[in-house]
>>> print(open('model38.cif').read())   # mmCIF, C-alpha atoms
data_run
#
loop_
_atom_site.group_PDB
_atom_site.id
_atom_site.type_symbol
_atom_site.label_atom_id
_atom_site.label_comp_id
_atom_site.auth_asym_id
_atom_site.auth_seq_id
_atom_site.Cartn_x
_atom_site.Cartn_y
_atom_site.Cartn_z
ATOM 1 C CA MET S 1 144.226 60.426 -39.233
ATOM 2 C CA ARG S 2 144.268 56.661 -39.569
ATOM 3 C CA ASP S 3 143.598 56.137 -35.865
ATOM 4 C CA PHE S 4 140.491 58.319 -36.090
ATOM 5 C CA HIS S 5 139.324 56.460 -39.204
ATOM 6 C CA GLN S 6 139.661 53.166 -37.341
ATOM 7 C CA ARG S 7 137.157 54.432 -34.779
ATOM 8 C CA ILE S 8 134.615 55.599 -37.384
ATOM 9 C CA PRO S 9 135.278 54.092 -40.814
ATOM 10 C CA ASP S 10 132.008 55.338 -42.324
ATOM 11 C CA VAL S 11 132.443 58.927 -43.474
ATOM 12 C CA ASP S 12 128.696 59.544 -43.514
ATOM 13 C CA VAL S 13 128.498 58.624 -39.828
ATOM 14 C CA VAL S 14 131.240 61.137 -39.050
ATOM 15 C CA LEU S 15 129.409 63.907 -40.863
ATOM 16 C CA GLU S 16 126.082 63.021 -39.256
ATOM 17 C CA LEU S 17 127.316 63.371 -35.669
ATOM 18 C CA GLU S 18 126.875 66.611 -33.747
ATOM 19 C CA PRO S 19 130.125 68.249 -32.517
ATOM 20 C CA GLU S 20 129.594 67.114 -28.918
ATOM 21 C CA GLU S 21 128.953 63.539 -30.116
ATOM 22 C CA LEU S 22 131.955 63.483 -32.424
ATOM 23 C CA ALA S 23 134.037 65.026 -29.641
ATOM 24 C CA TRP S 24 134.164 61.718 -27.766
ATOM 25 C CA HIS S 25 135.831 60.032 -30.734
ATOM 26 C CA VAL S 26 138.281 62.909 -31.090
ATOM 27 C CA LEU S 27 139.059 62.702 -27.384
ATOM 28 C CA ALA S 28 139.511 58.917 -27.476
ATOM 29 C CA THR S 29 141.824 59.281 -30.486
ATOM 30 C CA LEU S 30 143.953 61.810 -28.614
ATOM 31 C CA GLN S 31 143.977 59.635 -25.496
ATOM 32 C CA GLY S 32 145.248 56.770 -27.642
ATOM 33 C CA ARG S 33 148.269 58.853 -28.594
ATOM 34 C CA GLY S 34 149.234 59.279 -24.938
ATOM 35 C CA ALA S 35 147.900 61.229 -21.988
ATOM 36 C CA ASP S 36 150.872 63.611 -21.919
ATOM 37 C CA VAL S 37 151.395 63.998 -25.663
ATOM 38 C CA LYS S 38 151.149 67.568 -26.962
ATOM 39 C CA PHE S 39 149.361 68.223 -30.218
ATOM 40 C CA HIS S 40 148.637 71.029 -32.636
ATOM 41 C CA LEU S 41 145.034 71.215 -33.833
ATOM 42 C CA GLY S 42 146.071 72.614 -37.196
ATOM 43 C CA ASN S 43 148.441 69.730 -37.751
ATOM 44 C CA LEU S 44 145.775 67.227 -36.723
ATOM 45 C CA SER S 45 143.301 68.790 -39.116
ATOM 46 C CA ASN S 46 145.863 68.576 -41.907
ATOM 47 C CA GLU S 47 146.148 64.834 -41.330
ATOM 48 C CA PHE S 48 142.780 64.467 -43.043
ATOM 49 C CA HIS S 49 144.236 65.724 -46.313
ATOM 50 C CA GLY S 50 146.438 63.804 -48.720
ATOM 51 C CA GLY S 51 146.139 61.309 -51.529
ATOM 52 C CA ASP S 52 145.965 58.267 -49.286
ATOM 53 C CA GLN S 53 143.236 59.733 -47.091
ATOM 54 C CA PRO S 54 140.784 56.920 -46.221
ATOM 55 C CA TYR S 55 137.825 59.310 -46.185
ATOM 56 C CA GLY S 56 138.425 60.081 -49.873
ATOM 57 C CA ALA S 57 136.816 63.128 -51.450
ATOM 58 C CA LYS S 58 134.879 63.917 -48.268
ATOM 59 C CA ALA S 59 138.062 64.276 -46.210
ATOM 60 C CA PRO S 60 137.885 68.119 -46.167
ATOM 61 C CA HIS S 61 134.369 67.900 -44.725
ATOM 62 C CA VAL S 62 135.590 65.465 -42.091
ATOM 63 C CA ALA S 63 138.437 67.843 -41.243
ATOM 64 C CA ARG S 64 135.901 70.608 -40.690
ATOM 65 C CA ALA S 65 133.769 68.377 -38.470
ATOM 66 C CA PHE S 66 136.924 67.432 -36.582
ATOM 67 C CA ARG S 67 137.733 71.118 -35.960
ATOM 68 C CA GLU S 68 134.199 71.741 -34.705
ATOM 69 C CA ALA S 69 134.475 68.831 -32.275
ATOM 70 C CA ALA S 70 137.908 70.020 -31.127
ATOM 71 C CA ALA S 71 136.490 73.507 -30.544
ATOM 72 C CA TRP S 72 133.762 71.966 -28.394
ATOM 73 C CA LEU S 73 136.355 70.061 -26.372
ATOM 74 C CA ALA S 74 138.316 73.279 -25.846
ATOM 75 C CA GLY S 75 135.168 75.069 -24.712
ATOM 76 C CA GLN S 76 134.644 72.370 -22.079
ATOM 77 C CA ALA S 77 138.280 72.623 -20.909
ATOM 78 C CA LEU S 78 138.958 69.055 -22.013
ATOM 79 C CA ILE S 79 141.846 70.196 -24.192
ATOM 80 C CA VAL S 80 143.944 73.096 -22.952
ATOM 81 C CA SER S 81 147.048 75.073 -23.839
ATOM 82 C CA ASP S 82 150.361 73.394 -23.088
ATOM 83 C CA GLY S 83 151.162 76.367 -20.864
ATOM 84 C CA ASN S 84 153.901 77.949 -22.935
ATOM 85 C CA PRO S 85 153.273 81.659 -23.686
ATOM 86 C CA GLY S 86 152.241 82.209 -27.288
ATOM 87 C CA SER S 87 152.158 78.494 -28.020
ATOM 88 C CA ASP S 88 149.460 76.928 -30.185
ATOM 89 C CA TRP S 89 150.209 73.462 -28.866
ATOM 90 C CA MET S 90 147.570 71.748 -26.754
ATOM 91 C CA GLN S 91 147.308 68.863 -24.336
ATOM 92 C CA LEU S 92 144.581 66.890 -22.616
ATOM 93 C CA SER S 93 143.249 68.329 -19.373
ATOM 94 C CA ARG S 94 143.128 66.295 -16.167
ATOM 95 C CA ARG S 95 139.383 65.898 -16.592
ATOM 96 C CA ALA S 96 139.861 64.630 -20.158
ATOM 97 C CA ILE S 97 142.366 62.021 -18.984
ATOM 98 C CA SER S 98 139.872 60.845 -16.348
ATOM 99 C CA LEU S 99 137.186 60.107 -18.955
ATOM 100 C CA ARG S 100 138.226 56.561 -19.710
ATOM 101 C CA SER S 101 135.053 55.261 -21.339
ATOM 102 C CA GLU S 102 132.147 56.427 -23.428
ATOM 103 C CA GLN S 103 129.978 56.019 -20.327
ATOM 104 C CA ASP S 104 132.247 58.451 -18.446
ATOM 105 C CA TYR S 105 131.979 60.876 -21.331
ATOM 106 C CA SER S 106 128.181 60.546 -21.454
ATOM 107 C CA ALA S 107 128.008 61.438 -17.756
ATOM 108 C CA PHE S 108 130.239 64.446 -18.380
ATOM 109 C CA LEU S 109 128.075 65.475 -21.341
ATOM 110 C CA ALA S 110 124.949 65.287 -19.192
ATOM 111 C CA ALA S 111 126.624 67.386 -16.505
ATOM 112 C CA SER S 112 127.554 70.002 -19.093
ATOM 113 C CA ARG S 113 123.840 70.429 -19.832
ATOM 114 C CA PHE S 114 122.900 70.852 -16.172
ATOM 115 C CA PRO S 115 121.158 74.270 -15.937
ATOM 116 C CA ARG S 116 122.845 75.301 -12.712
ATOM 117 C CA ASP S 117 121.944 78.970 -13.100
ATOM 118 C CA ARG S 118 118.241 78.072 -13.341
ATOM 119 C CA ILE S 119 118.146 75.924 -10.202
ATOM 120 C CA HIS S 120 116.905 77.384 -6.905
ATOM 121 C CA ALA S 121 119.845 78.694 -4.906
ATOM 122 C CA SER S 122 119.129 76.429 -1.931
ATOM 123 C CA ILE S 123 119.796 73.266 -3.958
ATOM 124 C CA ALA S 124 121.971 74.412 -6.871
ATOM 125 C CA ASP S 125 125.374 73.600 -5.361
ATOM 126 C CA ASP S 126 124.482 70.338 -3.623
ATOM 127 C CA THR S 127 122.555 68.852 -6.546
ATOM 128 C CA TRP S 128 125.292 69.915 -8.983
ATOM 129 C CA SER S 129 127.953 68.275 -6.837
ATOM 130 C CA GLU S 130 126.128 64.940 -6.866
ATOM 131 C CA PHE S 131 124.988 65.205 -10.488
ATOM 132 C CA ILE S 132 128.432 65.704 -12.005
ATOM 133 C CA ARG S 133 129.608 62.556 -10.192
ATOM 134 C CA GLY S 134 126.762 60.562 -11.709
ATOM 135 C CA ASN S 135 124.954 60.211 -8.369
ATOM 136 C CA TYR S 136 121.584 61.007 -9.935
ATOM 137 C CA ALA S 137 119.357 59.376 -7.296
ATOM 138 C CA THR S 138 121.205 61.230 -4.550
ATOM 139 C CA ALA S 139 120.896 64.534 -6.419
ATOM 140 C CA VAL S 140 117.131 64.033 -6.702
ATOM 141 C CA PHE S 141 116.834 63.072 -3.040
ATOM 142 C CA VAL S 142 118.809 66.154 -1.967
ATOM 143 C CA ALA S 143 116.522 68.384 -4.037
ATOM 144 C CA MET S 144 113.267 66.915 -2.723
ATOM 145 C CA ARG S 145 114.536 66.791 0.853
ATOM 146 C CA GLN S 146 115.099 70.540 0.628
ATOM 147 C CA VAL S 147 111.500 70.964 -0.549
ATOM 148 C CA GLU S 148 110.343 69.142 2.578
ATOM 149 C CA ILE S 149 112.603 71.251 4.789
ATOM 150 C CA ALA S 150 111.375 74.469 3.171
ATOM 151 C CA VAL S 151 107.692 73.494 3.546
ATOM 152 C CA ARG S 152 108.179 72.539 7.189
ATOM 153 C CA LYS S 153 109.882 75.837 7.957
ATOM 154 C CA ALA S 154 107.445 78.014 6.008
ATOM 155 C CA GLY S 155 104.419 76.234 7.476
ATOM 156 C CA GLY S 156 105.717 76.300 11.038
ATOM 157 C CA TYR S 157 105.641 72.533 11.500
ATOM 158 C CA GLY S 158 107.694 70.462 13.912
ATOM 159 C CA PRO S 159 109.855 67.468 12.979
ATOM 160 C CA LYS S 160 107.151 64.853 13.533
ATOM 161 C CA VAL S 161 105.060 65.821 10.507
ATOM 162 C CA ILE S 162 106.883 64.509 7.467
ATOM 163 C CA GLY S 163 106.647 63.582 3.814
ATOM 164 C CA VAL S 164 103.307 63.348 2.046
ATOM 165 C CA GLU S 165 101.317 64.154 5.197
ATOM 166 C CA LEU S 166 103.289 67.367 5.664
ATOM 167 C CA MET S 167 102.479 68.428 2.111
ATOM 168 C CA ARG S 168 98.793 67.652 2.552
ATOM 169 C CA GLN S 169 98.588 69.671 5.725
ATOM 170 C CA ALA S 170 100.655 72.614 4.516
ATOM 171 C CA PHE S 171 98.757 72.963 1.224
ATOM 172 C CA HIS S 172 95.327 71.828 2.369
ATOM 173 C CA PRO S 173 92.921 73.765 0.129
ATOM 174 C CA ASP S 174 90.809 75.019 3.060
ATOM 175 C CA LYS S 175 93.141 75.370 6.023
ATOM 176 C CA GLY S 176 96.729 74.858 4.885
ATOM 177 C CA PRO S 177 99.044 77.701 5.939
ATOM 178 C CA LEU S 178 100.726 77.704 2.519
ATOM 179 C CA ARG S 179 97.532 77.582 0.437
ATOM 180 C CA ASP S 180 96.780 80.501 -1.839
ATOM 181 C CA PRO S 181 93.314 81.765 -0.845
ATOM 182 C CA GLU S 182 93.178 83.947 -3.955
ATOM 183 C CA THR S 183 92.853 80.914 -6.241
ATOM 184 C CA GLU S 184 89.780 78.739 -6.632
ATOM 185 C CA SER S 185 89.434 75.567 -4.594
ATOM 186 C CA GLY S 186 90.223 73.204 -7.478
ATOM 187 C CA GLU S 187 93.607 74.859 -8.054
ATOM 188 C CA ARG S 188 94.391 74.775 -4.338
ATOM 189 C CA ASP S 189 93.523 71.085 -4.256
ATOM 190 C CA ALA S 190 95.693 70.423 -7.321
ATOM 191 C CA ARG S 191 98.666 72.208 -5.764
ATOM 192 C CA MET S 192 98.336 70.096 -2.618
ATOM 193 C CA HIS S 193 98.419 66.955 -4.757
ATOM 194 C CA LEU S 194 101.354 68.317 -6.776
ATOM 195 C CA PHE S 195 103.498 68.673 -3.672
ATOM 196 C CA ALA S 196 102.304 65.410 -2.104
ATOM 197 C CA GLY S 197 102.857 63.503 -5.339
ATOM 198 C CA ALA S 198 106.338 64.910 -5.889
ATOM 199 C CA ILE S 199 107.467 64.079 -2.363
ATOM 200 C CA GLY S 200 105.816 60.659 -2.437
ATOM 201 C CA ALA S 201 107.351 59.722 -5.771
ATOM 202 C CA TYR S 202 110.837 61.196 -5.535
ATOM 203 C CA LYS S 203 111.745 61.903 -1.918
ATOM 204 C CA ASN S 204 110.145 59.088 0.062
ATOM 205 C CA PRO S 205 111.448 56.027 -1.871
ATOM 206 C CA PRO S 206 115.175 56.909 -1.424
ATOM 207 C CA SER S 207 114.467 57.424 2.279
ATOM 208 C CA HIS S 208 113.495 53.772 2.669
ATOM 209 C CA ARG S 209 115.400 51.828 -0.005
ATOM 210 C CA GLU S 210 118.096 52.084 -2.615
ATOM 211 C CA VAL S 211 116.717 53.687 -5.769
ATOM 212 C CA ASP S 212 118.321 53.041 -9.140
ATOM 213 C CA MET S 213 118.175 56.163 -11.311
ATOM 214 C CA ASN S 214 120.543 55.976 -14.263
ATOM 215 C CA ASP S 215 118.983 58.513 -16.604
ATOM 216 C CA PRO S 216 120.587 61.954 -16.156
ATOM 217 C CA ASP S 217 117.823 63.661 -18.133
ATOM 218 C CA GLU S 218 115.163 62.239 -15.816
ATOM 219 C CA ALA S 219 117.156 63.351 -12.785
ATOM 220 C CA MET S 220 117.575 66.831 -14.248
ATOM 221 C CA GLU S 221 113.830 67.124 -14.848
ATOM 222 C CA VAL S 222 113.035 66.125 -11.251
ATOM 223 C CA ILE S 223 115.571 68.617 -9.910
ATOM 224 C CA LEU S 224 113.940 71.332 -12.022
ATOM 225 C CA LEU S 225 110.579 70.284 -10.578
ATOM 226 C CA ALA S 226 111.999 70.583 -7.056
ATOM 227 C CA SER S 227 113.333 74.009 -7.951
ATOM 228 C CA HIS S 228 109.866 75.076 -9.114
ATOM 229 C CA LEU S 229 108.285 73.769 -5.907
ATOM 230 C CA LEU S 230 110.806 75.693 -3.829
ATOM 231 C CA ARG S 231 109.885 78.904 -5.630
ATOM 232 C CA ILE S 232 106.216 78.277 -4.834
ATOM 233 C CA VAL S 233 107.051 77.752 -1.157
ATOM 234 C CA GLU S 234 109.149 80.911 -1.197
ATOM 235 C CA ALA S 235 106.224 82.869 -2.591
ATOM 236 C CA ARG S 236 103.758 81.424 -0.061
ATOM 237 C CA ALA S 237 105.987 81.703 3.020
ATOM 238 C CA PRO S 238 104.834 84.285 5.579
ATOM 239 C CA SER S 239 106.856 87.490 5.371
ATOM 240 C CA GLY S 240 108.821 88.777 8.303
#
>>> encode(input="model38.cif", output="structure tokens")
Amino acid sequence: MRDFHQRIPDVDVVLELEPEELAWHVLATLQGRGADVKFHLGNLSNEFHGGDQPYGAKAPHVARAFREAAAWLAGQALIVSDGNPGSDWMQLSRRAISLRSEQDYSAFLAASRFPRDRIHASIADDTWSEFIRGNYATAVFVAMRQVEIAVRKAGGYGPKVIGVELMRQAFHPDKGPLRDPETESGERDARMHLFAGAIGAYKNPPSHREVDMNDPDEAMEVILLASHLLRIVEARAPSG
């Protein structure tokens, strides 16, 4: 595969990359052959063999790495069957065609790691929808806004008590309706600060100004934090 070799000339680099990292180069190579071109993975793998193979003696190892990357792409529905019954021929999916740059692919890769099944049900769909589009700041804001809504509802507060002050009142270690009286005062105080700090750091700034959050891993961590806070509120909410 001369076109693949042009992307990564160094064979040791090819063999060092994880399948999901190498997959971008496989995808870009396939895109370069045409968005609607059909291909056979076995035939593509065979292109790494032959006397004039630029990867030399390590070509079989590269072919194996290529197959691993292609399998990853198939698992993500980026390459799909050509639709003919019993056919082994493949083509790029619509999503694959839309990934026009390595930045697009990186955003897709981050979205593929999003632990949707571990996120609290009240924010899972909305945060996922924003996250997969690369709207990380919005996804974080949506998650923390739901924390505020849940605390207000569970604590029986009206709309005028908001943000950090709402958290401090709801989880006040001595009189907050959502405090846990079974824990010692230091833990109750720490939980109040946990909620107030999370809302102050991640929900309040986007409410007042445009926040630039470009790191999907950071956004994912904050969303997981919001999910944890929501589970605490759920546990402390009055029953009935």
>>> atom_distance(input="model38.cif", atom1="CA of Asn46 in chain S", atom2="CA of Val11 in chain S")
16.6 Å
>>> resolve_selection(input="model38.cif", expression="the PyMOL selection byres ((chain S and resi 14) around 10)", output="ChimeraX atom specification")
/S:5,7-13,15-19,21-22,25,55,61-62,65-66
>>> closest_residue(input="model38.cif", among="S:Ile199, S:Val164, S:Ala96, S:Val80", to="Val26 in chain S", atoms="all atoms listed in the file")
S:Ala96
>>> residues_around(input="model38.cif", residues="Ala23 in chain S", least_positions_apart="4", cutoff="10 Å", atoms="only C-alpha atoms", output="VMD selection string")
chain S and resid 17 to 19 27 to 29 65 to 73 78 105
>>> resolve_selection(input="model38.cif", expression="the PyMOL selection byres ((chain S and resi 156) around 10)", output="PyMOL selection string")
chain S and resi 150-155+157-159+170+177-178+237-238
>>> write_last_selection(input="model38.cif", atoms="C-alpha atoms", output="compact mmCIF listing (two decimals), keeping the file's coordinate frame")
# COMPACT_ATOMS: atom_id res chain seq x y z
CA ALA S 150 111.38 74.47 3.17
CA VAL S 151 107.69 73.49 3.55
CA ARG S 152 108.18 72.54 7.19
CA LYS S 153 109.88 75.84 7.96
CA ALA S 154 107.44 78.01 6.01
CA GLY S 155 104.42 76.23 7.48
CA TYR S 157 105.64 72.53 11.50
CA GLY S 158 107.69 70.46 13.91
CA PRO S 159 109.86 67.47 12.98
CA ALA S 170 100.66 72.61 4.52
CA PRO S 177 99.04 77.70 5.94
CA LEU S 178 100.73 77.70 2.52
CA ALA S 237 105.99 81.70 3.02
CA PRO S 238 104.83 84.28 5.58
>>> closest_residue(input="model38.cif", among="S:Leu99, S:Ala219, S:Ala121, S:Ile232", to="Met192 in chain S", atoms="all atoms listed in the file")
S:Ile232
>>> atom_distance(input="model38.cif", atom1="CA of Pro60 in chain S", atom2="CA of Ser81 in chain S")
25.1 Å
>>> closest_residue(input="model38.cif", among="S:Arg113, S:His193, S:Lys203, S:Arg100", to="Thr138 in chain S", atoms="all atoms listed in the file")
S:Lys203
>>> closest_residue(input="model38.cif", among="S:Ala35, S:Ile162, S:Ala201, S:Leu44", to="Asp3 in chain S", atoms="all atoms listed in the file")
S:Leu44
>>> closest_residue(input="model38.cif", among="S:His120, S:Tyr136, S:Gly75, S:Arg191", to="Ser93 in chain S", atoms="all atoms listed in the file")
S:Gly75
>>> resolve_selection(input="model38.cif", expression="the PyMOL selection byres ((chain S and resi 163) around 10)", output="JSON list (two decimals) with C-alpha atoms, in the coordinates of the input")
[["chain", "number", "residue", "atom", "x", "y", "z"],
["S", 144, "MET", "CA", 113.27, 66.92, -2.72],
["S", 145, "ARG", "CA", 114.54, 66.79, 0.85],
["S", 147, "VAL", "CA", 111.50, 70.96, -0.55],
["S", 148, "GLU", "CA", 110.34, 69.14, 2.58],
["S", 149, "ILE", "CA", 112.60, 71.25, 4.79],
["S", 151, "VAL", "CA", 107.69, 73.49, 3.55],
["S", 152, "ARG", "CA", 108.18, 72.54, 7.19],
["S", 160, "LYS", "CA", 107.15, 64.85, 13.53],
["S", 161, "VAL", "CA", 105.06, 65.82, 10.51],
["S", 162, "ILE", "CA", 106.88, 64.51, 7.47],
["S", 164, "VAL", "CA", 103.31, 63.35, 2.05],
["S", 165, "GLU", "CA", 101.32, 64.15, 5.20],
["S", 166, "LEU", "CA", 103.29, 67.37, 5.66],
["S", 167, "MET", "CA", 102.48, 68.43, 2.11],
["S", 168, "ARG", "CA", 98.79, 67.65, 2.55],
["S", 195, "PHE", "CA", 103.50, 68.67, -3.67],
["S", 196, "ALA", "CA", 102.30, 65.41, -2.10],
["S", 197, "GLY", "CA", 102.86, 63.50, -5.34],
["S", 198, "ALA", "CA", 106.34, 64.91, -5.89],
["S", 199, "ILE", "CA", 107.47, 64.08, -2.36],
["S", 200, "GLY", "CA", 105.82, 60.66, -2.44],
["S", 203, "LYS", "CA", 111.74, 61.90, -1.92],
["S", 204, "ASN", "CA", 110.14, 59.09, 0.06]]
>>> atom_distance(input="model38.cif", atom1="CA of Phe141 in chain S", atom2="CA of Asp180 in chain S")
26.6 Å
>>> closest_residue(input="model38.cif", among="S:Ser45, S:Ser185, S:Ser239, S:Ser227", to="Arg118 in chain S", atoms="all atoms listed in the file")
S:Ser227
>>> axis_aligned_box(input="model38.cif", around="range 9-20 of chain S", padding_each_side="5 Å", output="lines of an AutoDock Vina configuration file")
center_x = 130.7
center_y = 61.2
center_z = -36.2
size_x = 19.2
size_y = 24.2
size_z = 24.6
>>> build_atoms(input="model38.cif", residues="range 209-228 of chain S", atoms="N, CA and C atoms", output="short mmCIF file (atom, residue, chain, number, x, y, z; two decimals), in the coordinates of the input")
data_model
loop_
_atom_site.label_atom_id
_atom_site.label_comp_id
_atom_site.auth_asym_id
_atom_site.auth_seq_id
_atom_site.Cartn_x
_atom_site.Cartn_y
_atom_site.Cartn_z
N ARG S 209 114.73 52.90 0.74
CA ARG S 209 115.40 51.83 0.00
C ARG S 209 116.34 52.44 -1.04
N GLU S 210 117.19 51.61 -1.59
CA GLU S 210 118.10 52.08 -2.62
C GLU S 210 117.34 52.22 -3.93
N VAL S 211 117.43 53.40 -4.52
CA VAL S 211 116.72 53.69 -5.77
C VAL S 211 117.73 53.77 -6.90
N ASP S 212 117.44 53.06 -7.98
CA ASP S 212 118.32 53.04 -9.14
C ASP S 212 117.82 54.04 -10.17
N MET S 213 118.52 55.17 -10.31
CA MET S 213 118.18 56.16 -11.31
C MET S 213 119.41 56.40 -12.17
N ASN S 214 119.38 55.90 -13.39
CA ASN S 214 120.54 55.98 -14.26
C ASN S 214 120.41 57.00 -15.38
N ASP S 215 119.23 57.58 -15.51
CA ASP S 215 118.98 58.51 -16.60
C ASP S 215 119.23 59.94 -16.14
N PRO S 216 120.30 60.59 -16.61
CA PRO S 216 120.59 61.95 -16.16
C PRO S 216 119.52 62.96 -16.56
N ASP S 217 118.87 62.73 -17.70
CA ASP S 217 117.82 63.66 -18.13
C ASP S 217 116.62 63.59 -17.20
N GLU S 218 116.27 62.39 -16.77
CA GLU S 218 115.16 62.24 -15.82
C GLU S 218 115.51 62.93 -14.50
N ALA S 219 116.73 62.72 -14.03
CA ALA S 219 117.16 63.35 -12.78
C ALA S 219 117.12 64.88 -12.90
N MET S 220 117.57 65.39 -14.04
CA MET S 220 117.58 66.83 -14.25
C MET S 220 116.15 67.40 -14.21
N GLU S 221 115.22 66.68 -14.82
CA GLU S 221 113.83 67.12 -14.85
C GLU S 221 113.24 67.17 -13.44
N VAL S 222 113.56 66.15 -12.62
CA VAL S 222 113.04 66.12 -11.25
C VAL S 222 113.65 67.25 -10.42
N ILE S 223 114.92 67.52 -10.63
CA ILE S 223 115.57 68.62 -9.91
C ILE S 223 114.95 69.95 -10.31
N LEU S 224 114.63 70.11 -11.58
CA LEU S 224 113.94 71.33 -12.02
C LEU S 224 112.55 71.43 -11.40
N LEU S 225 111.87 70.29 -11.25
CA LEU S 225 110.58 70.28 -10.58
C LEU S 225 110.74 70.73 -9.13
N ALA S 226 111.75 70.19 -8.45
CA ALA S 226 112.00 70.58 -7.06
C ALA S 226 112.28 72.08 -6.96
N SER S 227 113.03 72.58 -7.92
CA SER S 227 113.33 74.01 -7.95
C SER S 227 112.05 74.83 -8.08
N HIS S 228 111.15 74.39 -8.94
CA HIS S 228 109.87 75.08 -9.11
C HIS S 228 109.06 75.04 -7.82
#
